[in-house]
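Undergrad: Below is the file upload_30.txt, with compact mmCIF, C-alpha atoms.
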```txt
# COMPACT_ATOMS: atom_id res chain seq x y z
CA MET A 1 -8.48 -8.63 -16.80
CA THR A 2 -11.91 -8.05 -18.28
CA ARG A 3 -14.97 -7.28 -16.23
CA THR A 4 -16.70 -10.59 -16.91
CA GLU A 5 -13.61 -12.77 -16.77
CA TYR A 6 -13.56 -13.01 -12.96
CA ARG A 7 -17.12 -11.94 -12.24
CA TRP A 8 -17.78 -15.14 -10.29
CA LEU A 9 -15.22 -14.00 -7.70
CA LEU A 10 -17.07 -10.73 -7.03
CA PRO A 11 -20.16 -10.11 -4.94
CA SER A 12 -23.21 -9.25 -7.00
CA ALA A 13 -23.04 -5.65 -5.71
CA LEU A 14 -19.69 -5.14 -7.44
CA ALA A 15 -20.46 -7.35 -10.42
CA ASP A 16 -23.53 -5.22 -11.17
CA ASP A 17 -21.84 -1.91 -10.25
CA ALA A 18 -24.50 -1.06 -7.68
CA LEU A 19 -24.53 -0.80 -3.91
CA SER A 20 -28.02 0.35 -3.12
CA GLY A 21 -31.52 0.35 -4.43
CA ASP A 22 -33.73 -2.51 -5.59
CA ARG A 23 -31.58 -5.55 -6.33
CA ARG A 24 -34.32 -7.87 -7.55
CA GLY A 25 -32.81 -8.00 -10.99
CA SER A 26 -29.32 -9.02 -9.80
CA ARG A 27 -28.14 -12.62 -9.84
CA ARG A 28 -25.97 -14.37 -7.30
CA THR A 29 -22.41 -15.02 -8.31
CA VAL A 30 -20.47 -18.12 -7.28
CA ARG A 31 -19.01 -16.12 -4.43
CA ASP A 32 -22.52 -15.12 -3.27
CA TRP A 33 -23.61 -18.75 -3.17
CA ALA A 34 -20.54 -19.67 -1.13
CA VAL A 35 -21.09 -16.77 1.30
CA ASP A 36 -24.81 -17.51 1.63
CA LEU A 37 -24.17 -21.15 2.35
CA THR A 38 -21.52 -20.26 4.94
CA ALA A 39 -23.86 -17.74 6.59
CA PHE A 40 -26.66 -20.32 6.70
CA LEU A 41 -24.40 -22.91 8.30
CA CYS A 42 -23.05 -20.41 10.84
CA ALA A 43 -26.55 -19.31 11.83
CA ALA A 44 -27.63 -22.95 12.05
CA GLY A 45 -24.61 -23.79 14.22
CA PHE A 46 -25.33 -20.84 16.53
CA GLY A 47 -28.97 -21.84 16.77
CA MET A 48 -28.11 -25.50 17.51
CA ALA A 49 -25.78 -24.40 20.30
CA ALA A 50 -28.55 -22.26 21.80
CA LEU A 51 -31.04 -25.11 21.35
CA ALA A 52 -28.66 -27.52 23.14
CA ALA A 53 -28.51 -25.11 26.09
CA ILE A 54 -32.30 -24.93 26.14
CA GLU A 55 -32.64 -28.73 26.05
CA ALA A 56 -30.13 -29.02 28.90
CA ASP A 57 -32.57 -27.16 31.17
CA PRO A 58 -34.94 -29.85 32.56
CA THR A 59 -37.61 -27.24 33.27
CA THR A 60 -38.12 -26.46 29.58
CA PRO A 61 -41.19 -28.23 28.12
CA ASP A 62 -40.72 -30.39 25.03
CA ALA A 63 -43.24 -28.29 23.11
CA VAL A 64 -41.10 -25.20 23.65
CA VAL A 65 -38.02 -27.07 22.44
CA LEU A 66 -39.89 -28.18 19.31
CA ALA A 67 -41.15 -24.64 18.67
CA ASP A 68 -37.65 -23.25 19.13
CA SER A 69 -36.29 -25.81 16.66
CA LEU A 70 -38.84 -24.93 13.99
CA ILE A 71 -38.47 -21.18 14.47
CA GLY A 72 -34.68 -21.44 14.44
CA ALA A 73 -34.76 -23.41 11.19
CA ALA A 74 -37.11 -20.84 9.62
CA SER A 75 -34.82 -18.00 10.76
CA CYS A 76 -31.87 -19.62 9.05
CA CYS A 77 -33.84 -20.15 5.85
CA VAL A 78 -34.90 -16.47 5.79
CA LEU A 79 -31.24 -15.52 5.38
CA TRP A 80 -31.36 -16.67 1.73
CA VAL A 81 -33.45 -13.59 0.85
CA ARG A 82 -31.57 -11.08 3.00
CA ARG A 83 -29.97 -9.41 -0.07
CA ARG A 84 -33.36 -8.77 -1.65
CA TRP A 85 -35.02 -7.44 1.53
CA PRO A 86 -32.22 -6.56 3.95
CA VAL A 87 -34.27 -4.16 6.06
CA GLY A 88 -37.27 -6.45 6.43
CA VAL A 89 -35.14 -9.51 7.24
CA ALA A 90 -33.06 -7.61 9.81
CA VAL A 91 -36.11 -6.08 11.52
CA GLY A 92 -38.04 -9.38 11.58
CA LEU A 93 -35.11 -11.36 13.02
CA THR A 94 -34.42 -8.63 15.58
CA VAL A 95 -38.02 -8.74 16.82
CA LEU A 96 -38.02 -12.55 16.77
CA SER A 97 -34.82 -12.75 18.80
CA LEU A 98 -36.60 -11.07 21.70
CA VAL A 99 -38.16 -14.41 22.63
CA GLU A 100 -36.10 -16.85 20.59
CA PRO A 101 -32.42 -17.27 21.49
CA VAL A 102 -32.04 -19.68 18.58
CA ALA A 103 -32.65 -16.76 16.15
CA ALA A 104 -29.79 -14.66 17.55
CA GLY A 105 -27.22 -15.99 15.07
CA ALA A 106 -29.51 -15.32 12.10
CA MET A 107 -30.20 -11.84 13.50
CA LEU A 108 -26.47 -10.98 13.60
CA ILE A 109 -26.03 -12.08 9.98
CA GLY A 110 -29.12 -10.11 9.00
CA LEU A 111 -27.67 -7.00 10.67
CA PHE A 112 -24.37 -7.52 8.83
CA SER A 113 -26.15 -7.72 5.46
CA LEU A 114 -28.16 -4.62 6.32
CA ALA A 115 -24.98 -2.67 7.06
CA VAL A 116 -23.45 -3.84 3.75
CA HIS A 117 -26.42 -3.10 1.48
CA ARG A 118 -28.15 -0.08 3.05
CA PRO A 119 -27.05 3.47 3.97
CA TYR A 120 -26.10 4.57 7.46
CA LYS A 121 -29.46 6.02 8.49
CA GLN A 122 -31.36 2.76 8.07
CA VAL A 123 -28.53 0.81 9.71
CA ALA A 124 -28.58 3.17 12.70
CA LEU A 125 -32.32 2.79 13.24
CA VAL A 126 -32.37 -1.01 13.04
CA GLY A 127 -29.10 -1.26 14.99
CA ALA A 128 -30.56 0.83 17.82
CA GLY A 129 -33.45 -1.65 18.02
CA ALA A 130 -30.99 -4.55 18.14
CA LEU A 131 -29.13 -2.90 21.02
CA VAL A 132 -32.42 -2.57 22.90
CA VAL A 133 -33.11 -6.28 22.34
CA ALA A 134 -29.70 -7.26 23.77
CA PRO A 135 -30.68 -6.78 27.47
CA VAL A 136 -34.37 -7.65 27.01
CA GLN A 137 -33.88 -11.16 25.59
CA PRO A 138 -31.93 -12.46 28.63
CA LEU A 139 -34.68 -11.07 30.87
CA LEU A 140 -37.44 -12.95 29.04
CA ARG A 141 -35.47 -16.20 28.56
CA PRO A 142 -32.41 -16.16 30.81
CA ASP A 143 -29.41 -18.41 30.27
CA PRO A 144 -28.92 -20.59 33.35
CA GLU A 145 -25.16 -20.70 32.77
CA ALA A 146 -24.60 -16.91 32.38
CA SER A 147 -25.65 -13.86 34.36
CA LEU A 148 -27.84 -11.10 32.95
CA PHE A 149 -24.91 -8.68 32.86
CA VAL A 150 -22.63 -11.03 30.95
CA SER A 151 -25.38 -11.94 28.46
CA THR A 152 -26.18 -8.25 27.89
CA VAL A 153 -22.53 -7.25 27.36
CA ILE A 154 -21.92 -10.12 24.93
CA GLY A 155 -25.11 -9.30 23.00
CA VAL A 156 -24.23 -5.57 22.71
CA LEU A 157 -20.66 -6.29 21.63
CA LEU A 158 -21.77 -8.77 18.97
CA VAL A 159 -24.30 -6.31 17.55
CA LEU A 160 -21.75 -3.49 17.43
CA LEU A 161 -19.14 -5.80 15.91
CA VAL A 162 -21.30 -7.03 13.01
CA LEU A 163 -22.64 -3.53 12.28
CA SER A 164 -19.13 -2.04 12.22
CA TRP A 165 -17.83 -4.86 10.06
CA GLY A 166 -20.71 -4.48 7.62
CA MET A 167 -20.18 -0.72 7.27
CA VAL A 168 -16.46 -1.26 6.63
CA VAL A 169 -17.30 -3.74 3.88
CA ARG A 170 -19.80 -1.29 2.36
CA SER A 171 -17.25 1.55 2.42
CA ARG A 172 -14.67 -0.65 0.71
CA ARG A 173 -17.14 -1.64 -2.00
CA GLN A 174 -18.09 1.98 -2.56
CA LEU A 175 -14.41 2.82 -2.92
CA VAL A 176 -13.92 0.03 -5.46
CA VAL A 177 -16.94 1.18 -7.49
CA THR A 178 -15.74 4.78 -7.34
CA LEU A 179 -12.26 3.83 -8.55
CA ARG A 180 -13.75 1.70 -11.29
CA GLU A 181 -15.95 4.59 -12.43
CA ARG A 182 -12.96 6.91 -12.42
CA ALA A 183 -11.01 4.44 -14.51
CA ARG A 184 -13.88 4.21 -17.00
CA ARG A 185 -14.15 7.98 -17.14
CA ALA A 186 -10.40 8.29 -17.66
CA GLU A 187 -10.54 5.75 -20.48
CA ALA A 188 -13.46 7.57 -22.08
CA GLU A 189 -11.68 10.91 -21.77
CA ALA A 190 -8.50 9.44 -23.22
CA ALA A 191 -10.46 8.02 -26.15
CA LEU A 192 -12.15 11.40 -26.64
CA ARG A 193 -8.82 13.22 -26.56
CA ALA A 194 -7.39 10.76 -29.07
CA GLU A 195 -10.41 11.29 -31.33
CA GLN A 196 -10.10 15.07 -31.05
CA ALA A 197 -6.38 14.91 -31.78
CA GLN A 198 -7.10 12.75 -34.81
CA ARG A 199 -9.75 15.19 -36.01
CA LEU A 200 -7.44 18.18 -35.49
CA ALA A 201 -4.70 16.35 -37.37
CA ARG A 202 -7.07 15.72 -40.26
CA GLU A 203 -8.12 19.37 -40.29
CA ALA A 204 -4.48 20.49 -40.23
CA ILE A 205 -3.69 18.20 -43.14
CA ALA A 206 -6.72 19.46 -45.06
CA ARG A 207 -5.72 23.10 -44.47
CA GLU A 208 -2.13 22.31 -45.49
CA MET A 209 -3.22 20.69 -48.72
CA HIS A 210 -5.84 23.35 -49.46
CA ASP A 211 -3.08 25.87 -50.07
CA VAL A 212 -1.35 23.55 -52.51
CA LEU A 213 -4.54 22.68 -54.41
CA ALA A 214 -5.57 26.33 -54.66
CA HIS A 215 -2.17 27.19 -56.11
CA ARG A 216 -2.24 24.36 -58.65
CA LEU A 217 -5.81 24.95 -59.75
CA THR A 218 -5.21 28.68 -60.13
CA LEU A 219 -2.33 27.94 -62.49
CA LEU A 220 -4.67 25.69 -64.47
CA SER A 221 -7.29 28.44 -64.65
CA VAL A 222 -4.84 31.12 -65.73
CA HIS A 223 -3.24 29.09 -68.53
CA ALA A 224 -6.56 27.64 -69.70
CA GLY A 225 -7.94 31.18 -69.86
CA ALA A 226 -4.91 32.32 -71.86
CA LEU A 227 -5.46 29.53 -74.38
CA GLU A 228 -9.14 30.40 -74.59
CA PHE A 229 -8.67 34.14 -75.20
CA ARG A 230 -5.57 33.78 -77.44
CA PRO A 231 -6.27 30.95 -79.87
CA ASP A 232 -3.82 32.54 -82.30
CA ALA A 233 -0.88 32.44 -79.86
CA PRO A 234 2.44 31.11 -81.18
CA THR A 235 2.88 27.36 -81.12
CA ALA A 236 5.72 27.52 -78.60
CA GLU A 237 3.63 29.56 -76.17
CA VAL A 238 0.67 27.20 -76.57
CA ALA A 239 2.94 24.22 -75.95
CA ARG A 240 4.41 25.86 -72.85
CA ALA A 241 0.96 26.66 -71.47
CA ALA A 242 -0.21 23.12 -72.19
CA GLY A 243 2.83 21.76 -70.38
CA VAL A 244 2.12 23.90 -67.33
CA ILE A 245 -1.50 22.76 -67.39
CA ARG A 246 -0.43 19.13 -67.61
CA ASP A 247 2.11 19.45 -64.79
CA SER A 248 -0.28 21.40 -62.55
CA ALA A 249 -3.08 18.91 -63.15
CA HIS A 250 -0.75 16.03 -62.31
CA GLU A 251 0.39 17.73 -59.11
CA ALA A 252 -3.20 18.62 -58.16
CA LEU A 253 -4.36 15.03 -58.63
CA GLN A 254 -1.46 13.77 -56.56
CA ASP A 255 -2.21 16.24 -53.78
CA LEU A 256 -5.90 15.40 -53.89
CA ARG A 257 -5.10 11.70 -53.64
CA GLU A 258 -3.01 12.39 -50.58
CA ILE A 259 -5.81 14.38 -48.97
CA ILE A 260 -8.34 11.60 -49.48
CA GLY A 261 -5.90 8.92 -48.34
CA VAL A 262 -4.93 10.74 -45.15
CA LEU A 263 -8.49 11.67 -44.25
CA ARG A 264 -9.65 8.09 -44.72
CA ALA A 265 -6.79 6.49 -42.80
CA PRO A 266 -4.80 9.04 -40.76
CA GLY A 267 -1.17 8.00 -40.40
CA ASP A 268 -1.27 5.63 -43.38
CA GLY A 269 -0.86 8.23 -46.14
CA ASP A 270 2.37 8.99 -47.92
CA GLU A 271 2.26 12.69 -47.10
CA GLY A 272 5.25 12.32 -44.80
CA ASN A 273 7.32 10.81 -47.63
CA ARG A 274 7.20 13.92 -49.79
CA PRO A 275 9.62 16.76 -49.03
CA GLN A 276 7.92 19.58 -47.19
CA PRO A 277 8.37 23.19 -48.37
CA THR A 278 10.80 25.40 -46.44
CA LEU A 279 12.24 28.86 -46.74
CA VAL A 280 14.86 27.48 -49.13
CA THR A 281 12.18 26.35 -51.60
CA LEU A 282 10.64 29.83 -51.74
CA ASP A 283 12.72 30.62 -54.82
CA ALA A 284 11.21 27.62 -56.64
CA LEU A 285 7.73 28.91 -55.84
CA ILE A 286 8.57 32.33 -57.27
CA ASP A 287 10.02 30.72 -60.41
CA GLU A 288 6.88 28.64 -60.84
CA SER A 289 4.73 31.76 -60.60
CA ARG A 290 6.93 33.56 -63.12
CA SER A 291 6.63 30.64 -65.51
CA ALA A 292 2.87 31.07 -65.24
CA GLY A 293 3.23 34.61 -66.60
CA MET A 294 3.21 36.57 -63.33
CA ASP A 295 5.47 39.55 -62.75
CA VAL A 296 6.94 38.64 -59.35
CA THR A 297 9.83 40.36 -57.59
CA LEU A 298 11.51 38.61 -54.65
CA ALA A 299 13.56 40.49 -52.07
CA ASN A 300 14.95 37.89 -49.68
CA SER A 301 17.41 39.41 -47.19
CA VAL A 302 17.69 36.32 -44.97
CA ALA A 303 21.39 35.49 -44.79
CA ASP A 304 21.03 31.73 -44.40
CA PRO A 305 17.51 30.47 -45.23
CA ALA A 306 18.54 26.87 -44.48
CA ARG A 307 18.96 27.75 -40.78
CA ALA A 308 15.36 28.88 -40.45
CA PRO A 309 13.19 26.55 -38.32
CA ALA A 310 11.35 24.05 -40.50
CA ALA A 311 7.90 25.00 -39.17
CA THR A 312 8.57 28.73 -39.60
CA GLY A 313 9.97 28.28 -43.10
CA ARG A 314 6.99 26.16 -44.10
CA THR A 315 4.62 28.83 -42.76
CA VAL A 316 6.40 31.54 -44.75
CA TYR A 317 6.18 29.37 -47.87
CA ARG A 318 2.44 28.78 -47.41
CA ILE A 319 1.75 32.47 -46.81
CA ALA A 320 3.62 33.42 -49.96
CA GLN A 321 1.89 30.65 -51.91
CA GLU A 322 -1.61 31.72 -50.82
CA ALA A 323 -0.85 35.43 -51.39
CA LEU A 324 0.45 34.74 -54.91
CA THR A 325 -2.62 32.62 -55.60
CA ASN A 326 -4.91 35.46 -54.49
CA ALA A 327 -2.97 37.99 -56.57
CA ARG A 328 -3.23 35.75 -59.61
CA LYS A 329 -7.00 35.43 -59.10
CA HIS A 330 -7.91 39.00 -58.13
CA ALA A 331 -5.21 41.11 -59.81
CA PRO A 332 -4.02 39.27 -62.91
CA GLY A 333 -1.26 41.08 -64.77
CA ALA A 334 -0.35 43.30 -61.81
CA PRO A 335 3.23 43.10 -60.52
CA VAL A 336 3.68 41.37 -57.17
CA HIS A 337 6.43 42.09 -54.67
CA VAL A 338 7.47 39.47 -52.13
CA GLY A 339 9.79 40.59 -49.33
CA VAL A 340 11.31 38.34 -46.68
CA ALA A 341 13.60 39.65 -43.92
CA GLY A 342 14.83 38.65 -40.50
CA GLY A 343 17.15 36.30 -38.70
CA PRO A 344 17.72 34.39 -35.46
CA GLY A 345 16.38 36.33 -32.50
CA ASP A 346 14.74 38.98 -34.71
CA GLY A 347 12.04 36.80 -36.20
CA LEU A 348 10.91 36.58 -39.80
CA THR A 349 8.80 39.09 -41.67
CA ILE A 350 7.15 38.36 -45.00
CA GLU A 351 5.25 40.92 -47.04
CA VAL A 352 3.39 40.29 -50.28
CA ARG A 353 1.84 43.30 -51.99
CA ASN A 354 0.39 44.12 -55.38
CA PRO A 355 -1.26 47.19 -56.93
CA ALA A 356 -4.76 47.24 -58.33
CA PRO A 357 -5.29 45.51 -61.70
CA THR A 358 -5.14 47.84 -64.66
CA GLU A 359 -6.96 45.65 -67.20
CA PRO A 360 -10.40 43.99 -67.06
CA PHE A 361 -10.34 40.29 -66.27
CA GLU A 362 -12.61 37.33 -65.68
CA PRO A 363 -12.72 36.78 -61.88
CA VAL A 364 -11.82 33.32 -60.61
CA PRO A 365 -14.18 32.02 -57.92
CA GLY A 366 -12.73 31.37 -54.49
CA SER A 367 -13.87 30.09 -51.10
CA GLY A 368 -12.74 33.18 -49.17
CA GLN A 369 -11.18 31.00 -46.49
CA GLY A 370 -7.55 31.28 -47.57
CA LEU A 371 -6.68 34.44 -45.61
CA ILE A 372 -8.57 33.17 -42.58
CA GLY A 373 -6.52 29.99 -42.71
CA LEU A 374 -3.30 32.00 -43.05
CA THR A 375 -4.16 34.08 -39.99
CA GLU A 376 -4.82 30.93 -38.02
CA ARG A 377 -1.62 29.31 -39.28
CA ALA A 378 0.45 32.34 -38.26
CA GLY A 379 -1.16 32.39 -34.83
CA LEU A 380 -0.42 28.71 -34.27
CA ALA A 381 3.21 29.39 -35.22
CA GLY A 382 3.42 32.04 -32.50
CA GLY A 383 3.23 35.02 -34.85
CA SER A 384 0.64 37.31 -36.40
CA LEU A 385 -0.70 38.17 -39.83
CA GLU A 386 -2.34 41.31 -41.16
CA HIS A 387 -3.98 41.78 -44.55
CA GLY A 388 -6.11 44.35 -46.25
CA PRO A 389 -6.51 46.75 -49.19
CA ARG A 390 -4.04 49.55 -49.84
CA PRO A 391 -4.93 53.21 -50.50
CA ASP A 392 -4.04 52.80 -54.18
CA GLY A 393 -6.47 49.90 -54.57
CA GLY A 394 -3.87 47.19 -54.18
CA PHE A 395 -3.62 44.56 -51.50
CA THR A 396 -1.02 43.68 -48.86
CA VAL A 397 -0.41 40.59 -46.76
CA GLU A 398 2.16 40.93 -43.99
CA ALA A 399 3.14 38.37 -41.38
CA ARG A 400 5.61 38.34 -38.49
CA LEU A 401 6.85 34.98 -37.21
CA PRO A 402 9.27 34.06 -34.41
CA TRP A 403 12.79 32.78 -35.04
CA PRO A 404 14.49 31.88 -31.76
CA ALA A 405 18.10 32.91 -31.35
```
Produce structure tokens that represent the structure in this file.
TA:
Amino acid sequence: MTRTEYRWLLPSALADDALSGDRRGSRRTVRDWAVDLTAFLCAAGFGMAALAAIEADPTTPDAVVLADSLIGAASCCVLWVRRRWPVGVAVGLTVLSLVEPVAAGAMLIGLFSLAVHRPYKQVALVGAGALVVAPVQPLLRPDPEASLFVSTVIGVLLVLLVLSWGMVVRSRRQLVVTLRERARRAEAEAALRAEQAQRLAREAIAREMHDVLAHRLTLLSVHAGALEFRPDAPTAEVARAAGVIRDSAHEALQDLREIIGVLRAPGDGDEGNRPQPTLVTLDALIDESRSAGMDVTLANSVADPARAPAATGRTVYRIAQEALTNARKHAPGAPVHVGVAGGPGDGLTIEVRNPAPTEPFEPVPGSGQGLIGLTERAGLAGGSLEHGPRPDGGFTVEARLPWPA
């Protein structure tokens, strides 16, 4: 149910989401018109009953009866503006009812509206005045058919009844508005959490694909540099380097297309359709690096790599991939050792180390964010990662990841 769909069934206080303050800008709903008309008719009926009792007294002059009729009609008409000026209408009708019994019904409705639309302090002050009027009015214009005591008790009870009823209605409306505001806040928070989750998912995808792109583009740079500095290389070697460049460029374009597609429409990309790397595919990564001309040694002592958790295996793969990429960029030609050990209950340890480069080389530019991303990735997987230079000028990356028993 939308807010405006059934607005005509709500009082204007709830339809406008306000219970206090200046209500000049609010409009009556269909329910308000029905309630106002009912209140007018009730006040008119009460006033006509009081006027009939006054006319039944033969000692009452006709001029007084006429004045009571006009004042009673005016009192009933004033009720149409009680929502706009509840305090003024309630005070005026309370004072008027001191000498006009025909205004008593309008006064009770005015007190009810005051209790609904104004806070307790104002209601208490005006209500105290109405309780004072209750015994005074029968003294000034006594009812020939009822004693002073009975008239006073009835007047006090009616005032207390309408004030209590009005405050109950106000409390209920405040509760409804509070619950509605909580529901809106919950919806807004849920939307914000969904947006944050979507943003975090995009960032995770971007970090995941960054490792792949860096690896592919580094292969392109290495083989393109080899072709540039060795134009006299054998034809077979040139063809092999060109093939690696072609394959790496194709893979890089495909990965880049996936990044753009997922970031534009999360959940609609085909990233989930491609097989994700695991600990089993680590050998293929090493072979790919060797085909690029790197001297890589792999020491994998894991008995059954297929049993490794998928998330842990993928983290190990990405750490090795980024470390090999950095070694290819910052220590070309240096041998690289990759060691993986561990098992269920003991966790997984991966170490990638290389000595300092022995020959001059053209440095490949990098963003410097790869190792930061690896540290974050290892932390999210429940492990830790350390990296830094070695005493001999080389570099080491070591990570420890959990593997539940």
Undergrad: Which neighbours of Ala327 in chain A fall inside 10 Å, counting all atoms listed in the file, when residues of the same chain fewer than 2 positions from it are skipped, and could you give them as a ChimeraX atom specification?
TA: /A:294,321-325,329-336,352-357,394-396
Undergrad: Could you please determine the separation between CA of Asp247 in chain A and CA of Arg318 in chain A in Å, to one decimal place?
TA: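 Taking CA of Asp247 in chain A as the start and CA of Arg318 in chain A as the end point, the length is 19.7 Å.
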Undergrad: Just checking: using all atoms listed in the file, which residue out of A:Val81, A:Val136, A:Ala44, A:Val302 ends up closest to Ser113 in chain A?
TA: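 Counting all atoms listed in the file, the residue closest to Ser113 in chain A is A:Val81.
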Undergrad: If I put a ball of radius 12 Å at (-36.8, -24.8, 14.4) in the file's coordinates, which residues poke into it when counting only C-alpha atoms, written as a PyMOL selection string?
TA: chain A and resi 43-44+47-48+50-51+63-77+100-103
Undergrad: For Val162 in chain A, which residue among A:Val133, A:Gln174, A:Ala106, A:Asp304 is the nearest when counting all atoms listed in the file?
TA: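 With all atoms listed in the file as the atom set, the closest residue is A:Ala106.
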Undergrad: What does the distance from CA of Ala49 in chain A to CA of Leu139 in chain A come to in Å, to one decimal?
TA: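 Atom-to-atom, CA of Ala49 in chain A to CA of Leu139 in chain A, that is 19.2 Å.
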Undergrad: Please, what distance in Å, to one decimal, runs between CA of Glu351 in chain A and CA of Glu288 in chain A?
TA: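 So the answer is 18.5 Å.
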Undergrad: Pick from A:Thr315, A:Ala299, A:Leu140, A:Glu181: nearest to Glu376 in chain A, with all atoms listed in the file counted?
TA: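 Closest residue, counting all atoms listed in the file: A:Thr315.
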Undergrad: Report as a VMD selection string all protein, DNA and RNA residues lying within 7 Å of range 381-389 of chain A, evaluated on only C-alpha atoms, omitting residues in the same chain fewer than 4 positions from it.
TA: chain A and resid 312 375 377 393 to 402
Undergrad: Residues of the last selection are to be written out with C-alpha atoms, as a PDB file, keeping the file's coordinate frame.
TA:
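Output file selection-v1.pdb is given in full below:
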```pdb
ATOM      1  CA  THR A 312       8.570  28.730 -39.600  1.00  0.00           C
ATOM      2  CA  THR A 375      -4.160  34.080 -39.990  1.00  0.00           C
ATOM      3  CA  ARG A 377      -1.620  29.310 -39.280  1.00  0.00           C
ATOM      4  CA  GLY A 393      -6.470  49.900 -54.570  1.00  0.00           C
ATOM      5  CA  GLY A 394      -3.870  47.190 -54.180  1.00  0.00           C
ATOM      6  CA  PHE A 395      -3.620  44.560 -51.500  1.00  0.00           C
ATOM      7  CA  THR A 396      -1.020  43.680 -48.860  1.00  0.00           C
ATOM      8  CA  VAL A 397      -0.410  40.590 -46.760  1.00  0.00           C
ATOM      9  CA  GLU A 398       2.160  40.930 -43.990  1.00  0.00           C
ATOM     10  CA  ALA A 399       3.140  38.370 -41.380  1.00  0.00           C
ATOM     11  CA  ARG A 400       5.610  38.340 -38.490  1.00  0.00           C
ATOM     12  CA  LEU A 401       6.850  34.980 -37.210  1.00  0.00           C
ATOM     13  CA  PRO A 402       9.270  34.060 -34.410  1.00  0.00           C
TER      14      PRO A 402
END
```
Undergrad: Given the choices A:Val95, A:Pro138, A:Val87, A:Thr218, which gets closest to Leu125 in chain A if the distance is worked out from all atoms listed in the file?
TA: A:Val87
Undergrad: Restricted to N, CA and C atoms, what does range 116-128 of chain A look like when written out as a PDB file, in the first residue's frame?
TA:
```
ATOM      1  N   VAL A 116      -5.801  16.590  20.904  1.00  0.00           N
ATOM      2  CA  VAL A 116      -5.248  15.818  19.792  1.00  0.00           C
ATOM      3  C   VAL A 116      -4.086  16.543  19.135  1.00  0.00           C
ATOM      4  N   HIS A 117      -4.185  17.871  18.998  1.00  0.00           N
ATOM      5  CA  HIS A 117      -3.234  18.616  18.168  1.00  0.00           C
ATOM      6  C   HIS A 117      -2.191  19.409  18.944  1.00  0.00           C
ATOM      7  N   ARG A 118      -2.267  19.462  20.253  1.00  0.00           N
ATOM      8  CA  ARG A 118      -1.316  20.263  21.018  1.00  0.00           C
ATOM      9  C   ARG A 118      -0.701  19.439  22.138  1.00  0.00           C
ATOM     10  N   PRO A 119       0.512  19.796  22.596  1.00  0.00           N
ATOM     11  CA  PRO A 119       1.179  19.024  23.649  1.00  0.00           C
ATOM     12  C   PRO A 119       0.487  19.162  24.997  1.00  0.00           C
ATOM     13  N   TYR A 120       0.950  18.356  25.945  1.00  0.00           N
ATOM     14  CA  TYR A 120       0.268  18.212  27.230  1.00  0.00           C
ATOM     15  C   TYR A 120       0.194  19.512  28.014  1.00  0.00           C
ATOM     16  N   LYS A 121       1.228  20.336  27.973  1.00  0.00           N
ATOM     17  CA  LYS A 121       1.244  21.548  28.789  1.00  0.00           C
ATOM     18  C   LYS A 121       0.099  22.484  28.428  1.00  0.00           C
ATOM     19  N   GLN A 122      -0.103  22.719  27.149  1.00  0.00           N
ATOM     20  CA  GLN A 122      -1.197  23.588  26.719  1.00  0.00           C
ATOM     21  C   GLN A 122      -2.554  22.967  27.054  1.00  0.00           C
ATOM     22  N   VAL A 123      -2.652  21.650  26.870  1.00  0.00           N
ATOM     23  CA  VAL A 123      -3.914  20.968  27.185  1.00  0.00           C
ATOM     24  C   VAL A 123      -4.219  21.082  28.675  1.00  0.00           C
ATOM     25  N   ALA A 124      -3.194  20.967  29.517  1.00  0.00           N
ATOM     26  CA  ALA A 124      -3.415  21.050  30.964  1.00  0.00           C
ATOM     27  C   ALA A 124      -3.906  22.436  31.373  1.00  0.00           C
ATOM     28  N   LEU A 125      -3.327  23.474  30.780  1.00  0.00           N
ATOM     29  CA  LEU A 125      -3.737  24.838  31.157  1.00  0.00           C
ATOM     30  C   LEU A 125      -5.177  25.109  30.740  1.00  0.00           C
ATOM     31  N   VAL A 126      -5.524  24.826  29.506  1.00  0.00           N
ATOM     32  CA  VAL A 126      -6.889  25.073  29.041  1.00  0.00           C
ATOM     33  C   VAL A 126      -7.872  24.133  29.736  1.00  0.00           C
ATOM     34  N   GLY A 127      -7.458  22.884  29.968  1.00  0.00           N
ATOM     35  CA  GLY A 127      -8.335  21.936  30.654  1.00  0.00           C
ATOM     36  C   GLY A 127      -8.634  22.369  32.077  1.00  0.00           C
ATOM     37  N   ALA A 128      -7.632  22.937  32.772  1.00  0.00           N
ATOM     38  CA  ALA A 128      -7.883  23.441  34.123  1.00  0.00           C
ATOM     39  C   ALA A 128      -8.928  24.552  34.106  1.00  0.00           C
TER      40      ALA A 128
END
```
